[in-house]
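Asks: If it helps, the file is called target.tsv and holds TSV, C-alpha atoms:
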chain	number	residue	atom	x	y	z
K	1	MET	CA	2.36	117.04	54.94
K	2	ALA	CA	5.48	119.16	55.21
K	3	PRO	CA	5.12	122.85	54.24
K	4	THR	CA	7.05	124.31	51.31
K	5	VAL	CA	8.48	127.21	53.38
K	6	SER	CA	9.78	127.31	56.94
K	7	VAL	CA	9.70	130.84	58.33
K	8	ILE	CA	12.25	131.22	61.13
K	9	VAL	CA	11.79	134.23	63.44
K	10	PRO	CA	14.88	134.75	65.64
K	11	ASN	CA	14.24	137.30	68.38
K	12	TYR	CA	16.26	139.06	71.03
K	13	ASN	CA	14.70	141.96	72.94
K	14	TYR	CA	12.30	142.99	70.17
K	15	ALA	CA	9.01	142.63	72.07
K	16	ARG	CA	8.07	146.05	70.74
K	17	TYR	CA	8.22	144.90	67.13
K	18	LEU	CA	7.14	141.24	67.35
K	19	PRO	CA	3.35	141.61	66.90
K	20	GLN	CA	3.70	143.69	63.72
K	21	ARG	CA	6.44	141.42	62.40
K	22	LEU	CA	4.38	138.27	62.95
K	23	GLU	CA	1.31	139.83	61.37
K	24	SER	CA	3.39	140.68	58.29
K	25	ILE	CA	4.16	136.95	58.07
K	26	PHE	CA	0.62	135.71	58.72
K	27	ASN	CA	-0.70	138.16	56.09
K	28	GLN	CA	1.36	136.63	53.26
K	29	THR	CA	-0.66	135.81	50.14
K	30	TYR	CA	1.26	132.51	49.89
K	31	ASP	CA	-0.14	130.08	52.43
K	32	ASP	CA	2.04	126.93	52.41
K	33	TYR	CA	4.40	127.75	55.29
K	34	GLU	CA	5.15	127.09	58.94
K	35	VAL	CA	6.50	129.56	61.51
K	36	ILE	CA	9.28	128.72	63.98
K	37	ILE	CA	9.83	131.36	66.68
K	38	LEU	CA	13.12	131.45	68.61
K	39	ASP	CA	13.89	133.71	71.55
K	40	ASP	CA	17.51	134.05	72.69
K	41	LYS	CA	16.77	134.70	76.40
K	42	SER	CA	15.44	138.22	75.92
K	43	THR	CA	15.41	140.54	78.93
K	44	ASP	CA	12.27	142.41	77.84
K	45	ASP	CA	8.69	141.10	77.50
K	46	SER	CA	9.42	139.05	74.37
K	47	ALA	CA	8.65	135.67	75.94
K	48	ALA	CA	5.20	136.85	77.05
K	49	VAL	CA	4.46	138.26	73.59
K	50	ILE	CA	5.60	135.03	71.91
K	51	GLU	CA	3.44	132.87	74.17
K	52	GLN	CA	0.36	134.59	72.78
K	53	TYR	CA	1.07	132.90	69.43
K	54	ARG	CA	1.67	129.36	70.70
K	55	SER	CA	-1.74	128.15	69.54
K	56	HIS	CA	-1.63	129.93	66.17
K	57	PRO	CA	-2.25	127.36	63.40
K	58	LYS	CA	0.83	128.47	61.44
K	59	VAL	CA	3.23	128.30	64.41
K	60	SER	CA	4.85	124.85	64.46
K	61	LYS	CA	7.57	125.48	67.07
K	62	ILE	CA	8.45	127.96	69.81
K	63	VAL	CA	11.84	127.76	71.53
K	64	ILE	CA	12.75	130.14	74.35
K	65	ASN	CA	16.39	129.74	75.35
K	66	SER	CA	17.34	129.43	79.01
K	67	GLU	CA	20.75	130.94	78.17
K	68	ASN	CA	21.75	133.48	75.52
K	69	SER	CA	23.50	131.79	72.60
K	70	GLY	CA	25.79	134.74	71.89
K	71	SER	CA	25.48	134.29	68.13
K	72	PRO	CA	22.74	134.96	65.57
K	73	PHE	CA	24.08	132.06	63.48
K	74	ILE	CA	23.54	129.58	66.30
K	75	GLN	CA	19.91	130.70	66.30
K	76	TRP	CA	19.68	130.49	62.50
K	77	GLU	CA	21.03	126.95	62.54
K	78	LYS	CA	18.78	125.94	65.43
K	79	GLY	CA	15.75	127.14	63.48
K	80	LEU	CA	16.93	125.34	60.33
K	81	GLY	CA	17.26	122.18	62.41
K	82	TYR	CA	13.54	122.33	63.21
K	83	ALA	CA	12.52	123.33	59.67
K	84	ARG	CA	10.41	120.88	57.66
K	85	GLY	CA	10.19	122.97	54.50
K	86	LYS	CA	12.05	123.02	51.20
K	87	TYR	CA	12.88	126.71	51.58
K	88	ALA	CA	13.72	128.89	54.56
K	89	TRP	CA	12.95	132.53	55.28
K	90	ILE	CA	14.83	134.00	58.25
K	91	ALA	CA	12.40	136.77	59.15
K	92	GLU	CA	14.30	138.95	61.62
K	93	ALA	CA	12.02	140.04	64.46
K	94	ASP	CA	12.39	143.79	63.93
K	95	ASP	CA	11.83	143.89	60.15
K	96	LEU	CA	8.64	143.86	58.04
K	97	MET	CA	7.63	142.39	54.68
K	98	GLU	CA	5.00	143.14	52.05
K	99	PRO	CA	2.28	140.45	51.71
K	100	THR	CA	3.38	139.24	48.25
K	101	PHE	CA	6.99	138.36	49.12
K	102	LEU	CA	6.62	134.61	49.61
K	103	GLU	CA	4.33	134.23	46.60
K	104	LYS	CA	6.82	135.95	44.30
K	105	ALA	CA	9.95	134.40	45.83
K	106	VAL	CA	8.61	130.84	45.73
K	107	LYS	CA	7.65	131.31	42.06
K	108	VAL	CA	11.22	132.31	41.17
K	109	MET	CA	12.70	129.44	43.20
K	110	GLU	CA	10.32	126.90	41.62
K	111	GLU	CA	10.42	128.16	38.04
K	112	GLY	CA	13.96	129.52	37.79
K	113	PRO	CA	16.53	127.65	35.69
K	114	GLY	CA	18.86	125.07	37.16
K	115	ASP	CA	19.87	124.89	40.79
K	116	MET	CA	18.09	127.80	42.51
K	117	ARG	CA	19.84	128.58	45.78
K	118	LEU	CA	18.39	131.91	46.85
K	119	THR	CA	15.91	134.61	45.86
K	120	MET	CA	16.04	138.08	47.38
K	121	ALA	CA	13.79	141.12	47.29
K	122	LEU	CA	14.99	144.70	47.64
K	123	SER	CA	14.40	146.84	50.71
K	124	TYR	CA	13.24	150.12	52.08
K	125	ILE	CA	15.26	151.20	55.09
K	126	ILE	CA	13.07	152.14	58.06
K	127	ASP	CA	13.86	153.69	61.42
K	128	GLY	CA	12.85	152.52	64.89
K	129	ASP	CA	9.35	153.89	64.42
K	130	GLY	CA	8.81	152.31	61.01
K	131	ASN	CA	9.36	155.47	58.94
K	132	ILE	CA	11.10	155.05	55.59
K	133	THR	CA	14.46	156.83	55.70
K	134	ASP	CA	16.60	158.23	52.90
K	135	ARG	CA	19.56	155.92	53.54
K	136	LYS	CA	20.79	154.68	50.17
K	137	GLY	CA	23.37	152.37	48.68
K	138	TYR	CA	22.09	149.00	49.88
K	139	ASP	CA	20.83	147.73	46.54
K	140	ARG	CA	24.11	148.43	44.76
K	141	ARG	CA	23.91	147.51	41.07
K	142	ILE	CA	20.49	145.84	41.00
K	143	TRP	CA	17.83	148.50	40.83
K	144	PRO	CA	14.10	148.16	41.62
K	145	THR	CA	12.70	148.31	38.09
K	146	GLY	CA	10.05	145.62	38.51
K	147	GLY	CA	9.89	141.95	37.69
K	148	ALA	CA	12.58	139.46	38.66
K	149	VAL	CA	15.81	138.12	37.16
K	150	VAL	CA	17.99	135.07	37.75
K	151	TYR	CA	21.81	135.16	37.71
K	152	SER	CA	24.42	132.46	38.07
K	153	GLY	CA	25.90	132.44	41.56
K	154	SER	CA	29.38	133.37	40.31
K	155	ASN	CA	28.00	136.33	38.35
K	156	PHE	CA	26.01	137.46	41.37
K	157	ILE	CA	29.13	137.34	43.55
K	158	ALA	CA	31.09	139.28	40.94
K	159	ALA	CA	28.47	142.01	40.67
K	160	ASN	CA	27.24	142.30	44.24
K	161	MET	CA	29.34	140.43	46.80
K	162	TRP	CA	33.03	141.25	46.35
K	163	GLU	CA	32.95	144.85	47.58
K	164	GLY	CA	30.56	144.18	50.45
K	165	ASN	CA	27.55	142.09	51.37
K	166	GLY	CA	24.98	142.55	48.62
K	167	VAL	CA	22.56	140.33	50.57
K	168	TYR	CA	22.46	142.91	53.33
K	169	ASN	CA	19.47	141.72	55.37
K	170	ALA	CA	18.43	138.12	56.09
K	171	SER	CA	14.77	139.15	56.07
K	172	GLN	CA	14.86	139.87	52.33
K	173	VAL	CA	15.87	136.31	51.41
K	174	LEU	CA	14.22	132.98	50.66
K	175	PHE	CA	16.83	130.24	50.32
K	176	SER	CA	17.11	126.52	49.71
K	177	ILE	CA	17.54	124.41	52.83
K	178	ASP	CA	19.36	121.79	50.74
K	179	ALA	CA	21.85	124.49	49.69
K	180	PHE	CA	22.42	125.31	53.36
K	181	LYS	CA	23.09	121.65	54.11
K	182	GLN	CA	25.78	121.63	51.41
K	183	VAL	CA	27.77	124.51	52.95
K	184	ALA	CA	31.18	123.17	53.99
K	185	ASN	CA	32.90	126.40	55.08
K	186	THR	CA	31.41	127.29	58.47
K	187	ASP	CA	33.81	130.13	59.33
K	188	TYR	CA	30.74	132.37	59.48
K	189	ARG	CA	29.97	130.90	62.90
K	190	LYS	CA	33.12	132.54	64.31
K	191	MET	CA	32.33	136.01	62.97
K	192	ARG	CA	30.57	138.87	64.69
K	193	TYR	CA	30.18	141.35	61.83
K	194	CYS	CA	30.67	139.68	58.43
K	195	GLY	CA	29.41	136.15	59.03
K	196	ASP	CA	26.23	136.67	57.01
K	197	TRP	CA	28.31	137.93	54.05
K	198	LEU	CA	30.29	134.67	54.01
K	199	PHE	CA	27.15	132.62	54.68
K	200	TRP	CA	25.34	133.94	51.59
K	201	ILE	CA	28.44	133.54	49.38
K	202	GLU	CA	28.63	129.89	50.38
K	203	ILE	CA	24.92	129.40	49.75
K	204	VAL	CA	24.96	130.83	46.20
K	205	ARG	CA	28.34	130.14	44.65
K	206	ASN	CA	27.51	126.78	43.08
K	207	GLY	CA	23.96	127.56	41.96
K	208	ASN	CA	21.68	130.34	40.74
K	209	VAL	CA	20.29	133.47	42.41
K	210	GLY	CA	16.96	135.22	41.88
K	211	VAL	CA	16.42	138.94	42.45
K	212	ILE	CA	12.93	140.39	42.77
K	213	ARG	CA	13.47	143.98	41.64
K	214	GLU	CA	10.86	145.41	43.97
K	215	LYS	CA	11.20	146.88	47.45
K	216	LEU	CA	9.11	144.34	49.32
K	217	ASN	CA	11.23	144.23	52.50
K	218	ARG	CA	11.45	146.86	55.25
K	219	PHE	CA	14.85	146.63	56.89
K	220	ARG	CA	14.91	148.37	60.27
K	221	LYS	CA	18.01	150.38	61.16
K	222	HIS	CA	17.73	151.77	64.65
K	223	GLY	CA	21.29	151.87	65.97
K	224	LYS	CA	21.06	148.65	67.97
K	225	SER	CA	21.85	146.02	65.37
K	226	VAL	CA	25.04	144.02	64.88
K	227	THR	CA	25.55	145.90	61.59
K	228	ASP	CA	25.62	149.23	63.38
K	229	GLU	CA	27.89	147.84	66.09
K	230	GLY	CA	30.23	146.77	63.29
K	231	HIS	CA	30.63	150.38	62.21
K	232	ALA	CA	31.52	151.29	65.79
K	233	LYS	CA	34.18	148.56	65.99
K	234	LEU	CA	35.78	149.10	62.62
K	235	ASP	CA	39.06	147.23	63.15
K	236	ALA	CA	37.36	143.95	64.01
K	237	ALA	CA	34.89	144.37	61.17
K	238	MET	CA	37.68	145.11	58.67
K	239	LYS	CA	39.58	142.00	59.74
K	240	GLU	CA	36.53	139.87	59.04
K	241	SER	CA	35.96	141.71	55.76
K	242	ARG	CA	39.49	140.85	54.60
K	243	HIS	CA	38.82	137.22	55.49
K	244	VAL	CA	35.70	137.12	53.31
K	245	GLN	CA	37.39	138.87	50.39
K	246	THR	CA	40.35	136.50	50.61
K	247	HIS	CA	37.89	133.62	50.54
K	248	ILE	CA	36.31	135.00	47.35
K	249	LEU	CA	39.75	135.14	45.74
K	250	SER	CA	40.59	131.58	46.72
K	251	SER	CA	37.18	130.09	45.86
K	252	ASP	CA	36.34	128.27	42.64
K	253	ALA	CA	33.73	130.86	41.63
K	254	ALA	CA	34.24	132.26	38.13
K	255	ILE	CA	35.07	135.81	39.22
K	256	PRO	CA	36.16	138.25	36.46
K	257	ALA	CA	39.88	139.09	36.42
K	258	GLY	CA	39.18	142.77	37.08
K	259	VAL	CA	37.32	141.99	40.28
K	260	LYS	CA	40.16	139.75	41.44
K	261	ARG	CA	42.67	142.54	40.81
K	262	MET	CA	40.60	144.96	42.83
K	263	LEU	CA	40.23	142.50	45.70
K	264	ARG	CA	43.98	141.97	45.82
K	265	TYR	CA	44.56	145.72	45.74
K	266	ARG	CA	42.12	146.38	48.58
K	267	ILE	CA	43.47	143.58	50.76
K	268	ALA	CA	47.03	144.89	50.26
K	269	ARG	CA	45.97	148.42	51.21
K	270	ALA	CA	44.05	147.15	54.23
K	271	LEU	CA	47.22	145.38	55.41
K	272	LYS	CA	49.24	148.59	54.89
K	273	CYS	CA	51.21	147.05	52.01
K	274	ASP	CA	53.25	144.96	54.44
K	275	PHE	CA	54.44	142.49	51.84
K	276	SER	CA	56.07	140.32	54.53
K	277	ASN	CA	52.57	139.57	55.85
K	278	PRO	CA	51.75	135.88	55.25
K	279	ALA	CA	48.27	136.83	54.04
K	280	LEU	CA	49.74	138.88	51.15
K	281	GLN	CA	52.33	136.22	50.41
K	282	MET	CA	49.58	133.60	50.19
K	283	LEU	CA	47.83	135.80	47.61
K	284	ASN	CA	51.12	136.36	45.75
K	285	ILE	CA	51.01	140.13	46.31
K	286	ASN	CA	54.42	141.80	46.42
K	287	SER	CA	55.93	145.24	45.87
K	288	ARG	CA	56.37	144.64	42.14
K	289	ASN	CA	52.92	143.41	41.16
K	290	PHE	CA	51.24	145.82	43.60
K	291	VAL	CA	52.37	148.66	41.31
K	292	TRP	CA	50.35	147.10	38.50
K	293	LEU	CA	47.36	146.66	40.80
K	294	TRP	CA	47.62	150.36	41.72
K	295	ILE	CA	47.76	151.36	38.05
K	296	TYR	CA	44.78	149.16	37.22
K	297	LYS	CA	42.72	150.55	40.09
K	298	HIS	CA	43.38	154.21	39.27
K	299	TRP	CA	43.49	154.12	35.45
K	300	PHE	CA	41.51	151.17	34.11
K	301	PHE	CA	39.17	149.70	36.70
K	302	SER	CA	36.09	151.88	36.21
K	303	GLY	CA	35.70	151.25	32.48
K	304	SER	CA	36.74	147.61	32.43
K	305	TYR	CA	34.61	146.68	35.43
K	306	ARG	CA	31.58	148.43	33.97
K	307	LYS	CA	31.98	146.40	30.79
K	308	ALA	CA	32.34	143.21	32.82
K	309	ILE	CA	29.14	143.91	34.77
K	310	GLU	CA	27.25	144.77	31.59
K	311	ALA	CA	28.28	141.37	30.23
K	312	LEU	CA	26.66	139.52	33.13
K	313	HIS	CA	23.45	138.66	31.36
K	314	PRO	CA	20.64	137.14	33.45
K	315	LEU	CA	19.77	133.50	32.88
K	316	ALA	CA	16.03	134.20	33.04
K	317	GLU	CA	13.54	137.01	33.58
K	318	PHE	CA	10.08	137.02	35.20
K	319	ASP	CA	7.22	139.49	34.99
Just give me the structure as structure tokens.

Replies:
Amino acid sequence: MAPTVSVIVPNYNYARYLPQRLESIFNQTYDDYEVIILDDKSTDDSAAVIEQYRSHPKVSKIVINSENSGSPFIQWEKGLGYARGKYAWIAEADDLMEPTFLEKAVKVMEEGPGDMRLTMALSYIIDGDGNITDRKGYDRRIWPTGGAVVYSGSNFIAANMWEGNGVYNASQVLFSIDAFKQVANTDYRKMRYCGDWLFWIEIVRNGNVGVIREKLNRFRKHGKSVTDEGHAKLDAAMKESRHVQTHILSSDAAIPAGVKRMLRYRIARALKCDFSNPALQMLNINSRNFVWLWIYKHWFFSGSYRKAIEALHPLAEFD
């Protein structure tokens, strides 16, 4: 019988963290899952560590690449190709998770209203040694007050995905494999820094999103991740960011008008208000209407956006 959850563990040079990561998976209180371990031709002792788990009853597949794929999304998709479950959890090899995550996330996915695409938990940020740091700002407008809520995908994008990637760590997410199969826009495969941002937008925009308002995930930030590299190579990251924000503007998601104005303003500023740029012309941004965007941003945005966010009522709540 196929498991309900397929846990995909993509690894590259994280031999140091793999045993603790895998134990945090095997210690889940929810038991109906399989584990698929992928190694992207690591140069450390990862392969030897992984081999120790080949006979584990929960491990259904181990794949050790003979060549590096060059892309985390190639590894994600490879793991999803082997997955037999209804839901997928991409458990990054250097992160950790509290034992109740799968139990709580599966409940929201199974009992939530309508087409549930994704459920996420919130995160502590930890350093290379596992210590909780004081880095803030990742949970944006959804605060860890306990319980869980469900939002429409368009409301979730409006509140948490237009300014940056509100689903900031793959390890905090349980998502529908059917929703993944429905994704038509695969531009995320070409991206180095913002591909996951676009990936999650495409997963959620035509369904519903659950948020477990508890910090169950431990997201490791140790200066060696693609996210940190993105900060070091800002120009490339900003180009990809503009692409994602332009996609939000052109998508059929029901984004509030105030958010759309702010996206247009930010894209124009990022392109140095060069109104001859085809990207601005495609978005119908010119010197005349940019003045109104500037006025909105500086005089009206804070109050009107706050009201818009307050109006985004959840579709359901869980204890």

Asks: What lies within 6 Å of region 54-71 of chain K using all atoms listed in the file, ignoring chain neighbours under 2 positions off, as number ranges by chain?

Replies: K: 34-41, 51-52, 73-74

Asks: Please, what distance in Å, to one decimal, runs between CA of Leu249 (chain K) and CA of Ile177 (chain K)?

Replies: 25.7 Å

Asks: What is the distance between CA of Arg269 (chain K) and CA of Ala158 (chain K), in Å to one decimal?

Replies: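 CA of Ala158 (chain K) lies 20.3 Å from CA of Arg269 (chain K).
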
Asks: In Å to one decimal, how far is CA of Trp76 (chain K) from CA of Arg189 (chain K)?

Replies: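 Separating CA of Arg189 (chain K) from CA of Trp76 (chain K) is a distance of 10.3 Å.
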
Asks: Would you kindly return, as a ChimeraX atom specification, each protein, DNA or RNA residue with an atom no farther than 9 Å from any atom of region 89-94 of chain K, considering only C-alpha atoms and excluding same-chain residues fewer than 2 positions away?

Replies: /K:5-12,14-18,20-22,25,76,79,87,96-97,102,128,169-175,219-220

Asks: Taking all atoms listed in the file into account, which of K:Ala83, K:Ala270, K:Met262, K:Leu283 comes nearest Glu163 (chain K)?

Replies: K:Met262

Asks: When you look at Ala316 (chain K) with a cut-off of 9 Å (counting only C-alpha atoms), what residues show up, excluding the ones that are within fewer than 4 positions of it in the same chain? I need them as a ChimeraX atom specification.

Replies: /K:112-113,148-151,210

Asks: Identify the residues within 12 Å of coordinate (37.9, 139.3, 54.5) (same frame as the file), considering only C-alpha atoms, and give the answer as JSON, numbers by chain.

Replies: {"K": [161, 162, 163, 164, 165, 187, 188, 191, 193, 194, 195, 197, 198, 235, 236, 237, 238, 239, 240, 241, 242, 243, 244, 245, 246, 247, 248, 249, 250, 263, 264, 266, 267, 268, 270, 271, 279]}

Asks: Nearest residue to Asn160 (chain K) out of K:Phe318, K:Tyr124, K:Val106, K:Trp200, using all atoms listed in the file?

Replies: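 For Asn160 (chain K), the nearest of the candidates is K:Trp200.
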
Asks: For each of K:Ser123, K:Arg261, K:Met116, K:Arg288, take the minimum atom-to-atom distance to Cys273 (chain K), counting all atoms listed in the file, then give the residue where this is smallest.

Replies: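 Under the stated criterion, the closest residue is K:Arg288.
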
Asks: Assuming the input is short of atoms at region 66-77 of chain K, produce all heavy atoms for that part as a compact mmCIF listing (two decimals), keeping the file's coordinate frame.

Replies:
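See rebuild-v1.txt below for the written result:
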# COMPACT_ATOMS: atom_id res chain seq x y z
N SER K 66 17.08 129.16 77.60
CA SER K 66 17.34 129.43 79.01
C SER K 66 18.64 130.20 79.20
O SER K 66 18.86 130.82 80.24
CB SER K 66 17.40 128.12 79.80
OG SER K 66 18.41 127.27 79.28
N GLU K 67 19.50 130.17 78.18
CA GLU K 67 20.75 130.94 78.17
C GLU K 67 20.91 131.60 76.81
O GLU K 67 20.50 131.04 75.79
CB GLU K 67 21.97 130.05 78.44
CG GLU K 67 21.97 129.35 79.80
CD GLU K 67 22.11 130.32 80.95
OE1 GLU K 67 22.68 131.42 80.73
OE2 GLU K 67 21.67 129.99 82.07
N ASN K 68 21.51 132.79 76.79
CA ASN K 68 21.75 133.48 75.52
C ASN K 68 22.82 132.75 74.72
O ASN K 68 23.87 132.38 75.27
CB ASN K 68 22.17 134.92 75.78
CG ASN K 68 22.35 135.71 74.49
OD1 ASN K 68 23.43 135.79 73.94
ND2 ASN K 68 21.27 136.30 74.01
N SER K 69 22.57 132.55 73.44
CA SER K 69 23.50 131.79 72.60
C SER K 69 24.76 132.58 72.26
O SER K 69 25.81 132.00 71.98
CB SER K 69 22.81 131.37 71.30
OG SER K 69 22.61 132.51 70.45
N GLY K 70 24.65 133.90 72.23
CA GLY K 70 25.79 134.74 71.89
C GLY K 70 26.05 134.87 70.41
O GLY K 70 27.00 135.54 70.00
N SER K 71 25.23 134.25 69.57
CA SER K 71 25.48 134.29 68.13
C SER K 71 24.17 134.18 67.35
O SER K 71 23.39 133.25 67.59
CB SER K 71 26.40 133.14 67.70
OG SER K 71 26.40 132.97 66.29
N PRO K 72 23.94 135.10 66.40
CA PRO K 72 22.74 134.96 65.57
C PRO K 72 22.77 133.70 64.72
O PRO K 72 21.72 133.12 64.41
CB PRO K 72 22.77 136.21 64.69
CG PRO K 72 24.19 136.67 64.70
CD PRO K 72 24.74 136.29 66.04
N PHE K 73 23.98 133.23 64.34
CA PHE K 73 24.08 132.06 63.48
C PHE K 73 23.73 130.77 64.21
O PHE K 73 23.22 129.83 63.60
CB PHE K 73 25.47 131.98 62.85
CG PHE K 73 25.83 133.21 62.10
CD1 PHE K 73 26.83 134.06 62.54
CD2 PHE K 73 25.12 133.58 60.97
CE1 PHE K 73 27.13 135.22 61.87
CE2 PHE K 73 25.41 134.75 60.29
CZ PHE K 73 26.42 135.56 60.74
N ILE K 74 23.99 130.73 65.52
CA ILE K 74 23.54 129.58 66.30
C ILE K 74 22.02 129.50 66.27
O ILE K 74 21.43 128.42 66.11
CB ILE K 74 24.06 129.68 67.75
CG1 ILE K 74 25.58 129.47 67.77
CG2 ILE K 74 23.37 128.66 68.65
CD1 ILE K 74 26.20 129.66 69.14
N GLN K 75 21.37 130.65 66.37
CA GLN K 75 19.91 130.70 66.30
C GLN K 75 19.41 130.34 64.91
O GLN K 75 18.43 129.60 64.76
CB GLN K 75 19.40 132.09 66.72
CG GLN K 75 19.58 132.39 68.20
CD GLN K 75 18.71 131.50 69.07
OE1 GLN K 75 19.14 130.41 69.47
NE2 GLN K 75 17.50 131.94 69.35
N TRP K 76 20.06 130.85 63.87
CA TRP K 76 19.68 130.49 62.50
C TRP K 76 19.72 128.97 62.34
O TRP K 76 18.78 128.36 61.83
CB TRP K 76 20.63 131.14 61.49
CG TRP K 76 20.49 132.60 61.31
CD1 TRP K 76 19.83 133.49 62.14
CD2 TRP K 76 21.03 133.38 60.25
NE1 TRP K 76 19.96 134.76 61.64
CE2 TRP K 76 20.68 134.73 60.49
CE3 TRP K 76 21.80 133.07 59.12
CZ2 TRP K 76 21.06 135.76 59.64
CZ3 TRP K 76 22.19 134.10 58.27
CH2 TRP K 76 21.81 135.44 58.52
N GLU K 77 20.84 128.38 62.75
CA GLU K 77 21.03 126.95 62.54
C GLU K 77 20.07 126.14 63.41
O GLU K 77 19.60 125.07 62.99
CB GLU K 77 22.48 126.56 62.81
CG GLU K 77 23.43 127.12 61.77
CD GLU K 77 24.86 126.65 61.95
OE1 GLU K 77 25.16 126.04 63.00
OE2 GLU K 77 25.68 126.89 61.05
